[in-house]
file input_34.cif (mmCIF, C-alpha atoms)
data_coords
#
loop_
_atom_site.label_atom_id
_atom_site.label_comp_id
_atom_site.auth_asym_id
_atom_site.auth_seq_id
_atom_site.Cartn_x
_atom_site.Cartn_y
_atom_site.Cartn_z
CA ILE C 1 -92.58 -13.49 64.38
CA GLU C 2 -96.24 -12.45 64.18
CA CYS C 3 -96.39 -12.19 67.97
CA ALA C 4 -93.21 -10.08 68.00
CA GLN C 5 -94.64 -7.73 65.39
CA ARG C 6 -97.76 -7.21 67.48
CA ARG C 7 -95.67 -6.79 70.60
CA ARG C 8 -93.54 -4.15 68.86
CA SER C 9 -96.61 -2.01 68.21
CA LEU C 10 -97.21 -1.90 71.98
CA GLN C 11 -93.73 -0.70 72.89
CA GLY C 12 -93.83 2.65 74.64
CA SER C 13 -97.42 2.12 75.78
CA LYS C 14 -98.04 2.73 79.47
CA VAL C 15 -100.66 -0.01 79.57
CA ASP C 16 -99.41 -3.35 78.31
CA THR C 17 -101.78 -5.81 76.65
CA GLU C 18 -100.99 -9.50 76.58
CA THR C 19 -100.72 -11.07 73.13
CA HIS C 20 -102.18 -14.55 72.58
CA LEU C 21 -102.18 -16.24 69.16
CA ALA C 22 -103.06 -19.71 67.86
CA THR C 23 -102.76 -21.54 64.56
CA SER C 24 -103.01 -24.96 62.97
CA HIS C 25 -99.96 -25.55 60.80
CA ARG C 26 -98.28 -28.34 58.86
CA ALA C 27 -94.58 -28.46 59.66
CA LEU C 28 -91.90 -29.89 57.36
CA ARG C 29 -88.56 -31.17 58.64
CA LEU C 30 -85.90 -31.96 56.03
CA GLN C 31 -83.70 -34.25 58.12
CA ALA C 32 -84.10 -38.02 57.87
CA PHE C 33 -85.36 -39.90 60.94
CA PRO C 34 -84.85 -43.59 61.75
CA LYS C 35 -87.98 -45.66 61.05
CA ASP C 36 -88.29 -46.76 64.68
CA SER C 37 -87.79 -43.28 66.18
CA GLY C 38 -91.46 -42.34 66.13
CA LEU C 39 -90.50 -38.98 64.58
CA ARG C 40 -91.99 -37.74 61.32
CA ALA C 41 -90.56 -35.54 58.59
CA HIS C 42 -93.87 -33.69 58.29
CA PHE C 43 -96.85 -33.39 60.59
CA ARG C 44 -99.74 -31.11 61.49
CA ALA C 45 -99.83 -29.41 64.87
CA PHE C 46 -101.91 -26.85 66.70
CA ALA C 47 -99.72 -24.12 68.17
CA LEU C 48 -100.15 -21.45 70.84
CA VAL C 49 -98.01 -18.41 71.64
CA SER C 50 -98.37 -15.87 74.44
CA GLY C 51 -96.29 -12.73 74.90
CA SER C 52 -96.21 -9.89 77.39
CA ARG C 53 -93.99 -7.63 79.45
CA ASP C 54 -93.46 -8.99 82.96
CA SER C 55 -93.04 -6.09 85.36
CA THR C 56 -93.30 -8.06 88.64
CA GLY C 57 -89.89 -9.70 88.44
CA LEU C 58 -91.38 -13.04 89.55
CA ASN C 59 -92.13 -14.52 86.12
CA GLN C 60 -95.83 -14.22 86.87
CA PHE C 61 -96.74 -13.90 83.21
CA GLU C 62 -94.76 -17.00 82.22
CA LEU C 63 -96.37 -19.01 85.01
CA SER C 64 -99.85 -17.79 84.09
CA ALA C 65 -99.32 -18.50 80.39
CA LEU C 66 -97.88 -21.95 81.07
CA SER C 67 -100.88 -22.81 83.22
CA THR C 68 -103.31 -21.54 80.58
CA HIS C 69 -101.65 -23.52 77.79
CA ILE C 70 -101.62 -26.72 79.85
CA GLU C 71 -105.30 -26.23 80.71
CA ILE C 72 -106.18 -25.80 77.03
CA TRP C 73 -104.62 -29.17 76.17
CA LEU C 74 -106.14 -30.97 79.14
CA ASP C 75 -109.60 -29.55 78.40
CA PHE C 76 -109.24 -30.59 74.77
CA LEU C 77 -108.33 -34.16 75.77
CA ALA C 78 -111.30 -34.31 78.14
CA GLN C 79 -113.69 -33.13 75.43
CA SER C 80 -112.24 -35.43 72.75
CA THR C 81 -113.51 -38.52 74.58
CA SER C 82 -117.03 -37.65 73.41
CA GLN C 83 -115.74 -37.63 69.82
CA GLY C 84 -114.53 -41.21 69.79
CA TYR C 85 -111.04 -40.87 71.26
CA LYS C 86 -109.74 -43.08 74.06
CA ILE C 87 -107.20 -41.41 76.38
CA LYS C 88 -105.81 -42.95 79.55
CA ASP C 89 -103.21 -42.08 82.19
CA ILE C 90 -102.63 -38.44 81.26
CA SER C 91 -99.48 -36.92 82.74
CA VAL C 92 -97.84 -33.50 82.73
CA ALA C 93 -94.08 -33.32 83.31
CA ILE C 94 -92.68 -29.96 84.45
CA SER C 95 -89.00 -29.16 83.91
CA ASP C 96 -86.50 -26.34 84.04
CA ILE C 97 -84.15 -26.72 81.08
CA ARG C 98 -81.61 -24.49 82.83
CA ILE C 99 -80.78 -27.35 85.21
CA MET C 100 -79.18 -29.33 82.39
CA ASP C 101 -77.75 -26.15 80.85
CA LYS C 102 -75.91 -25.36 84.09
CA LEU C 103 -74.70 -28.94 84.56
CA MET C 104 -73.18 -28.78 81.08
CA LEU C 105 -71.67 -25.35 81.73
CA SER C 106 -70.05 -26.53 84.96
CA GLY C 107 -68.59 -29.58 83.21
CA ARG C 108 -70.55 -32.08 85.28
CA VAL C 109 -72.27 -33.35 82.12
CA ASP C 110 -70.67 -33.71 78.69
CA LYS C 111 -72.46 -31.36 76.29
CA GLY C 112 -71.55 -33.28 73.15
CA GLU C 113 -72.85 -36.60 74.43
CA LEU C 114 -75.97 -35.02 75.90
CA ILE C 115 -76.97 -33.29 72.66
CA GLY C 116 -76.08 -36.37 70.60
CA ARG C 117 -78.23 -38.67 72.73
CA THR C 118 -81.24 -36.41 73.34
CA LYS C 119 -83.58 -38.85 71.56
CA ASP C 120 -81.96 -41.94 73.12
CA LYS C 121 -84.54 -43.23 75.62
CA THR C 122 -81.96 -45.57 77.19
CA PHE C 123 -79.68 -42.66 78.12
CA HIS C 124 -80.15 -41.28 81.64
CA PRO C 125 -77.84 -38.26 82.16
CA PHE C 126 -78.08 -38.16 85.95
CA LYS C 127 -77.18 -41.84 86.22
CA ALA C 128 -74.48 -41.66 83.54
CA TYR C 129 -72.71 -38.74 85.24
CA SER C 130 -73.48 -39.63 88.87
CA ILE C 131 -75.59 -36.52 89.44
CA GLU C 132 -77.04 -36.79 92.94
CA LEU C 133 -80.58 -35.73 92.09
CA PRO C 134 -83.68 -37.81 91.39
CA GLU C 135 -84.68 -37.96 87.73
CA GLN C 136 -88.37 -37.48 88.57
CA VAL C 137 -90.31 -36.44 91.66
CA ASP C 138 -94.01 -35.86 92.25
CA SER C 139 -93.22 -32.82 94.44
CA VAL C 140 -90.16 -30.59 94.75
CA GLN C 141 -91.10 -28.99 98.06
CA ASP C 142 -88.73 -31.16 100.13
CA LEU C 143 -86.06 -31.41 97.46
CA SER C 144 -82.58 -30.08 98.23
CA THR C 145 -79.40 -30.01 96.16
CA SER C 146 -75.69 -30.12 96.88
CA TYR C 147 -74.99 -28.27 93.62
CA PRO C 148 -74.83 -24.51 94.31
CA GLU C 149 -75.43 -23.63 90.66
CA LEU C 150 -78.82 -25.39 90.74
CA GLU C 151 -80.22 -23.93 93.95
CA THR C 152 -81.99 -21.03 92.22
CA ASN C 153 -83.65 -23.37 89.70
CA ILE C 154 -84.82 -25.82 92.36
CA ASN C 155 -86.33 -22.92 94.29
CA GLU C 156 -88.06 -21.68 91.14
CA LEU C 157 -89.58 -25.13 90.61
CA LYS C 158 -90.85 -25.02 94.21
CA PHE C 159 -92.38 -21.60 93.49
CA THR C 160 -93.93 -22.98 90.29
CA GLU C 161 -95.48 -25.88 92.18
CA LYS C 162 -97.00 -23.53 94.74
CA GLN C 163 -98.21 -20.99 92.20
CA ILE C 164 -99.76 -23.15 89.47
CA ILE C 165 -99.22 -26.91 89.84
CA GLU C 166 -101.11 -27.31 93.11
CA LYS C 167 -104.09 -25.50 91.56
CA LEU C 168 -103.91 -27.66 88.42
CA ARG C 169 -103.87 -30.80 90.57
CA GLU C 170 -107.07 -29.68 92.25
CA LYS C 171 -108.76 -28.91 88.92
CA TYR C 172 -107.57 -32.11 87.19
CA PRO C 173 -107.40 -34.78 89.93
CA SER C 174 -107.08 -37.67 87.45
CA VAL C 175 -103.96 -36.18 85.81
CA ARG C 176 -100.50 -36.90 87.19
CA PHE C 177 -98.37 -33.76 87.56
CA TYR C 178 -94.70 -34.42 88.28
CA PHE C 179 -91.26 -32.85 87.85
CA ASP C 180 -88.78 -34.21 85.31
CA LEU C 181 -85.46 -32.86 86.60
CA ASN C 182 -83.10 -34.49 84.11
CA ARG C 183 -84.84 -33.37 80.92
CA SER C 184 -82.37 -32.56 78.15
CA SER C 185 -84.63 -32.30 75.07
CA GLY C 186 -85.24 -28.64 74.41
CA THR C 187 -81.74 -27.52 75.38
CA GLY C 188 -80.98 -24.42 73.31
CA TYR C 189 -84.68 -24.10 72.45
CA TYR C 190 -86.39 -23.29 75.73
CA SER C 191 -84.94 -20.71 78.09
CA GLY C 192 -86.41 -21.90 81.40
CA LEU C 193 -89.60 -23.62 82.49
CA CYS C 194 -91.08 -26.15 80.08
CA TYR C 195 -93.53 -29.05 80.12
CA ARG C 196 -94.67 -32.14 78.27
CA VAL C 197 -98.16 -33.70 78.16
CA ALA C 198 -98.34 -37.46 77.54
CA ALA C 199 -101.03 -40.16 77.65
CA ASN C 200 -101.69 -43.82 76.88
CA ASN C 201 -103.96 -44.87 74.03
CA SER C 202 -106.39 -47.80 74.04
CA ALA C 203 -103.53 -50.20 73.22
CA GLY C 204 -101.58 -49.01 76.25
CA LYS C 205 -98.90 -47.23 74.23
CA ASN C 206 -97.62 -43.99 75.71
CA HIS C 207 -97.53 -40.95 73.41
CA SER C 208 -96.06 -37.51 73.93
CA LEU C 209 -98.91 -35.27 72.76
CA ALA C 210 -98.10 -31.67 73.62
CA GLY C 211 -95.27 -29.57 74.93
CA GLY C 212 -94.19 -26.03 75.44
CA GLY C 213 -92.32 -23.59 77.58
CA ALA C 214 -90.63 -20.24 77.98
CA CYS C 215 -88.46 -19.00 75.10
CA ASP C 216 -86.21 -15.98 74.75
CA TRP C 217 -87.32 -15.21 71.19
CA GLY C 218 -89.37 -12.19 72.28
CA LYS C 219 -86.37 -10.69 74.05
CA ARG C 220 -84.14 -11.25 71.04
CA LEU C 221 -86.55 -10.20 68.31
CA LEU C 222 -87.57 -7.02 70.15
CA ASP C 223 -84.23 -6.38 71.88
CA ASN C 224 -86.12 -5.97 75.15
CA LYS C 225 -85.22 -7.96 78.28
CA ARG C 226 -88.68 -7.33 79.75
CA GLU C 227 -90.44 -9.25 76.99
CA HIS C 228 -91.55 -12.76 77.89
CA LEU C 229 -92.77 -15.44 75.51
CA VAL C 230 -94.38 -18.85 76.03
CA THR C 231 -94.99 -21.23 73.13
CA SER C 232 -96.81 -24.59 72.93
CA GLY C 233 -97.67 -27.21 70.37
CA PHE C 234 -100.01 -30.20 70.15
CA GLY C 235 -99.44 -32.97 67.59
CA THR C 236 -102.99 -33.16 66.21
CA GLU C 237 -102.19 -35.53 63.36
CA SER C 238 -100.41 -38.07 65.57
CA PHE C 239 -103.22 -37.77 68.13
CA ILE C 240 -105.86 -38.65 65.53
CA LYS C 241 -103.86 -41.64 64.31
CA GLY C 242 -102.95 -42.93 67.75
CA PHE C 243 -106.08 -42.31 69.83
CA LYS C 244 -109.10 -42.64 67.56
CA VAL C 245 -111.03 -45.76 68.56
#

call {"tool": "encode", "arguments": {"input": "input_34.cif", "output": "structure tokens"}}
result
Amino acid sequence: IECAQRRRSLQGSKVDTETHLATSHRALRLQAFPKDSGLRAHFRAFALVSGSRDSTGLNQFELSALSTHIEIWLDFLAQSTSQGYKIKDISVAISDIRIMDKLMLSGRVDKGELIGRTKDKTFHPFKAYSIELPEQVDSVQDLSTSYPELETNINELKFTEKQIIEKLREKYPSVRFYFDLNRSSGTGYYSGLCYRVAANNSAGKNHSLAGGGACDWGKRLLDNKREHLVTSGFGTESFIKGFKV
């Protein structure tokens, strides 16, 4: 909302200025979570938001903002090792939530079951519905699809890999960057490209630490299709508890 208010003040300006905000906030969720789910009713997180008008038509702002947000988290993890934190096997999973959206829309995947089992780690949508795509790949450059409705999204992932992921791989050679094609968490929340940062702690347990992606909130709040918005969050409280040696 704060980003949208600042973006509104720039409407009509010939020269657009990108808006970047950050905050540390304690979130409260009222729903009850199973004890073994790993989810908490309240937690502290550090959040980022970036907004701008994208005039190129190639989502250049979204790609740039996504890359910047990912770099912020990776740089933070690298620096935290000198403060007594042990982080191993960092990975960044890139997804396009529209892949699952379109599979649901076409009836290839059952929407009710998908939404109901989003947190079920044993549920693999592609396998359950015989979708002929790999769940995960390290590179999408040679990937093809027999589903016409997904061709645009696969091509956009290829463009994303060329534009930002290859550069991130060069800058962070110890980090695994891969593509999670069957991601369903974030359906109805993200509007396109999204990511998740995970790592192992000293006990070898894998934790999802940060995530973010493109949202359509800027478009809706400002009633402007040219507005683009990227949000991200890092679970600082869970990181302290899980990674402090």

call {"tool": "closest_residue", "arguments": {"input": "input_34.cif", "among": "C:Leu229, C:Ile1, C:Leu63, C:Ile72", "to": "Phe159 (chain C)", "atoms": "only C-alpha atoms"}}
result
C:Leu63

call {"tool": "resolve_selection", "arguments": {"input": "input_34.cif", "expression": "the PyMOL selection byres ((chain C and resi 180-197) around 7)", "output": "VMD selection string"}}
result
chain C and resid 91 to 98 100 to 101 118 125 to 126 135 to 137 178 to 179 198 208 to 216

call {"tool": "resolve_selection", "arguments": {"input": "input_34.cif", "expression": "the PyMOL selection byres ((chain C and resi 145) around 12)", "output": "list in words"}}
result
Ile99, Ile131, Glu132, Leu133, Pro134, Val140, Gln141, Asp142, Leu143, Ser144, Ser146, Tyr147, Pro148, Glu149, Leu150, Glu151, Thr152, Asn153, Ile154, Asn155 and Leu181 of chain C

call {"tool": "closest_residue", "arguments": {"input": "input_34.cif", "among": "C:Lys241, C:Lys171, C:Arg226, C:His124", "to": "Val109 (chain C)", "atoms": "all atoms listed in the file"}}
result
C:His124

call {"tool": "residues_around", "arguments": {"input": "input_34.cif", "residues": "region 220-224 of chain C", "least_positions_apart": "2", "cutoff": "12 Å", "atoms": "all atoms listed in the file", "output": "list in words"}}
result
Ile1, Glu2, Cys3, Ala4, Gln5, Arg6, Arg7, Arg8, Ser9, Leu10, Gln11, Gly12, Gly51, Ser52, Arg53, Asp54, Ser191, Cys215, Asp216, Trp217, Gly218, Arg226, Glu227, His228 and Leu229 of chain C

call {"tool": "write_last_selection", "arguments": {"input": "input_34.cif", "atoms": "C-alpha atoms", "output": "tab-separated table (two decimals), keeping the file's coordinate frame"}}
result
chain	number	residue	atom	x	y	z
C	1	ILE	CA	-92.58	-13.49	64.38
C	2	GLU	CA	-96.24	-12.45	64.18
C	3	CYS	CA	-96.39	-12.19	67.97
C	4	ALA	CA	-93.21	-10.08	68.00
C	5	GLN	CA	-94.64	-7.73	65.39
C	6	ARG	CA	-97.76	-7.21	67.48
C	7	ARG	CA	-95.67	-6.79	70.60
C	8	ARG	CA	-93.54	-4.15	68.86
C	9	SER	CA	-96.61	-2.01	68.21
C	10	LEU	CA	-97.21	-1.90	71.98
C	11	GLN	CA	-93.73	-0.70	72.89
C	12	GLY	CA	-93.83	2.65	74.64
C	51	GLY	CA	-96.29	-12.73	74.90
C	52	SER	CA	-96.21	-9.89	77.39
C	53	ARG	CA	-93.99	-7.63	79.45
C	54	ASP	CA	-93.46	-8.99	82.96
C	191	SER	CA	-84.94	-20.71	78.09
C	215	CYS	CA	-88.46	-19.00	75.10
C	216	ASP	CA	-86.21	-15.98	74.75
C	217	TRP	CA	-87.32	-15.21	71.19
C	218	GLY	CA	-89.37	-12.19	72.28
C	226	ARG	CA	-88.68	-7.33	79.75
C	227	GLU	CA	-90.44	-9.25	76.99
C	228	HIS	CA	-91.55	-12.76	77.89
C	229	LEU	CA	-92.77	-15.44	75.51

call {"tool": "atom_distance", "arguments": {"input": "input_34.cif", "atom1": "CA of Tyr85 (chain C)", "atom2": "CA of Ser202 (chain C)"}}
result
8.8 Å

call {"tool": "closest_residue", "arguments": {"input": "input_34.cif", "among": "C:Thr19, C:Gln60, C:Ser24, C:Thr160", "to": "Ala45 (chain C)", "atoms": "all atoms listed in the file"}}
result
C:Ser24

call {"tool": "atom_distance", "arguments": {"input": "input_34.cif", "atom1": "CA of Glu62 (chain C)", "atom2": "CA of Val230 (chain C)"}}
result
6.5 Å

call {"tool": "axis_aligned_box", "arguments": {"input": "input_34.cif", "around": "region 169-173 of chain C", "padding_each_side": "3 Å", "output": "lines of an AutoDock Vina configuration file"}}
result
center_x = -106.3
center_y = -31.8
center_z = 89.7
size_x = 10.9
size_y = 11.9
size_z = 11.1

call {"tool": "atom_distance", "arguments": {"input": "input_34.cif", "atom1": "CA of Gln83 (chain C)", "atom2": "CA of Ile70 (chain C)"}}
result
20.5 Å

call {"tool": "closest_residue", "arguments": {"input": "input_34.cif", "among": "C:Thr23, C:Ala65, C:Ile90, C:Phe46", "to": "Pro173 (chain C)", "atoms": "only C-alpha atoms"}}
result
C:Ile90

call {"tool": "build_atoms", "arguments": {"input": "input_34.cif", "residues": "region 174-197 of chain C", "atoms": "N, CA, C and O atoms", "output": "tab-separated table (two decimals), in the frame of the given file"}}
result
chain	number	residue	atom	x	y	z
C	174	SER	N	-107.43	-36.41	88.09
C	174	SER	CA	-107.08	-37.67	87.45
C	174	SER	C	-105.76	-37.58	86.67
C	174	SER	O	-105.26	-38.61	86.17
C	175	VAL	N	-105.19	-36.39	86.57
C	175	VAL	CA	-103.96	-36.18	85.81
C	175	VAL	C	-102.77	-36.22	86.78
C	175	VAL	O	-102.81	-35.64	87.86
C	176	ARG	N	-101.72	-36.89	86.38
C	176	ARG	CA	-100.50	-36.90	87.19
C	176	ARG	C	-99.61	-35.72	86.80
C	176	ARG	O	-99.20	-35.60	85.65
C	177	PHE	N	-99.32	-34.86	87.75
C	177	PHE	CA	-98.37	-33.76	87.56
C	177	PHE	C	-97.10	-34.11	88.32
C	177	PHE	O	-97.15	-34.40	89.52
C	178	TYR	N	-95.97	-34.10	87.62
C	178	TYR	CA	-94.70	-34.42	88.28
C	178	TYR	C	-93.59	-33.56	87.69
C	178	TYR	O	-93.79	-32.81	86.71
C	179	PHE	N	-92.40	-33.66	88.28
C	179	PHE	CA	-91.26	-32.85	87.85
C	179	PHE	C	-90.17	-33.74	87.27
C	179	PHE	O	-89.69	-34.66	87.93
C	180	ASP	N	-89.82	-33.48	86.03
C	180	ASP	CA	-88.78	-34.21	85.31
C	180	ASP	C	-87.51	-33.35	85.40
C	180	ASP	O	-87.34	-32.40	84.64
C	181	LEU	N	-86.62	-33.70	86.32
C	181	LEU	CA	-85.46	-32.86	86.60
C	181	LEU	C	-84.32	-33.05	85.61
C	181	LEU	O	-83.51	-32.14	85.41
C	182	ASN	N	-84.24	-34.24	85.00
C	182	ASN	CA	-83.10	-34.49	84.11
C	182	ASN	C	-83.44	-34.35	82.63
C	182	ASN	O	-82.77	-34.91	81.77
C	183	ARG	N	-84.48	-33.57	82.32
C	183	ARG	CA	-84.84	-33.37	80.92
C	183	ARG	C	-83.72	-32.66	80.18
C	183	ARG	O	-83.16	-31.66	80.65
C	184	SER	N	-83.38	-33.19	79.00
C	184	SER	CA	-82.37	-32.56	78.15
C	184	SER	C	-82.93	-32.12	76.81
C	184	SER	O	-82.37	-31.23	76.17
C	185	SER	N	-84.03	-32.73	76.34
C	185	SER	CA	-84.63	-32.30	75.07
C	185	SER	C	-85.19	-30.90	75.23
C	185	SER	O	-85.91	-30.60	76.18
C	186	GLY	N	-84.83	-30.04	74.32
C	186	GLY	CA	-85.24	-28.64	74.41
C	186	GLY	C	-84.10	-27.73	74.81
C	186	GLY	O	-84.26	-26.51	74.87
C	187	THR	N	-82.92	-28.32	75.07
C	187	THR	CA	-81.74	-27.52	75.38
C	187	THR	C	-81.39	-26.64	74.18
C	187	THR	O	-81.30	-27.13	73.06
C	188	GLY	N	-81.24	-25.35	74.40
C	188	GLY	CA	-80.98	-24.42	73.31
C	188	GLY	C	-82.24	-23.93	72.63
C	188	GLY	O	-82.19	-23.06	71.75
C	189	TYR	N	-83.38	-24.48	73.03
C	189	TYR	CA	-84.68	-24.10	72.45
C	189	TYR	C	-85.50	-23.35	73.49
C	189	TYR	O	-85.89	-22.20	73.27
C	190	TYR	N	-85.73	-23.98	74.63
C	190	TYR	CA	-86.39	-23.29	75.73
C	190	TYR	C	-85.37	-22.54	76.57
C	190	TYR	O	-84.19	-22.89	76.58
C	191	SER	N	-85.85	-21.53	77.28
C	191	SER	CA	-84.94	-20.71	78.09
C	191	SER	C	-85.15	-20.90	79.58
C	191	SER	O	-84.43	-20.31	80.38
C	192	GLY	N	-86.14	-21.72	79.97
C	192	GLY	CA	-86.41	-21.90	81.40
C	192	GLY	C	-87.42	-23.00	81.62
C	192	GLY	O	-87.20	-24.16	81.25
C	193	LEU	N	-88.56	-22.64	82.21
C	193	LEU	CA	-89.60	-23.62	82.49
C	193	LEU	C	-90.20	-24.20	81.21
C	193	LEU	O	-90.42	-23.46	80.24
C	194	CYS	N	-90.45	-25.50	81.22
C	194	CYS	CA	-91.08	-26.15	80.08
C	194	CYS	C	-91.87	-27.36	80.58
C	194	CYS	O	-91.75	-27.76	81.74
C	195	TYR	N	-92.69	-27.93	79.72
C	195	TYR	CA	-93.53	-29.05	80.12
C	195	TYR	C	-93.79	-29.99	78.96
C	195	TYR	O	-93.56	-29.65	77.79
C	196	ARG	N	-94.27	-31.18	79.29
C	196	ARG	CA	-94.67	-32.14	78.27
C	196	ARG	C	-95.93	-32.87	78.74
C	196	ARG	O	-95.99	-33.31	79.90
C	197	VAL	N	-96.93	-32.98	77.87
C	197	VAL	CA	-98.16	-33.70	78.16
C	197	VAL	C	-98.12	-35.03	77.42
C	197	VAL	O	-97.86	-35.08	76.22
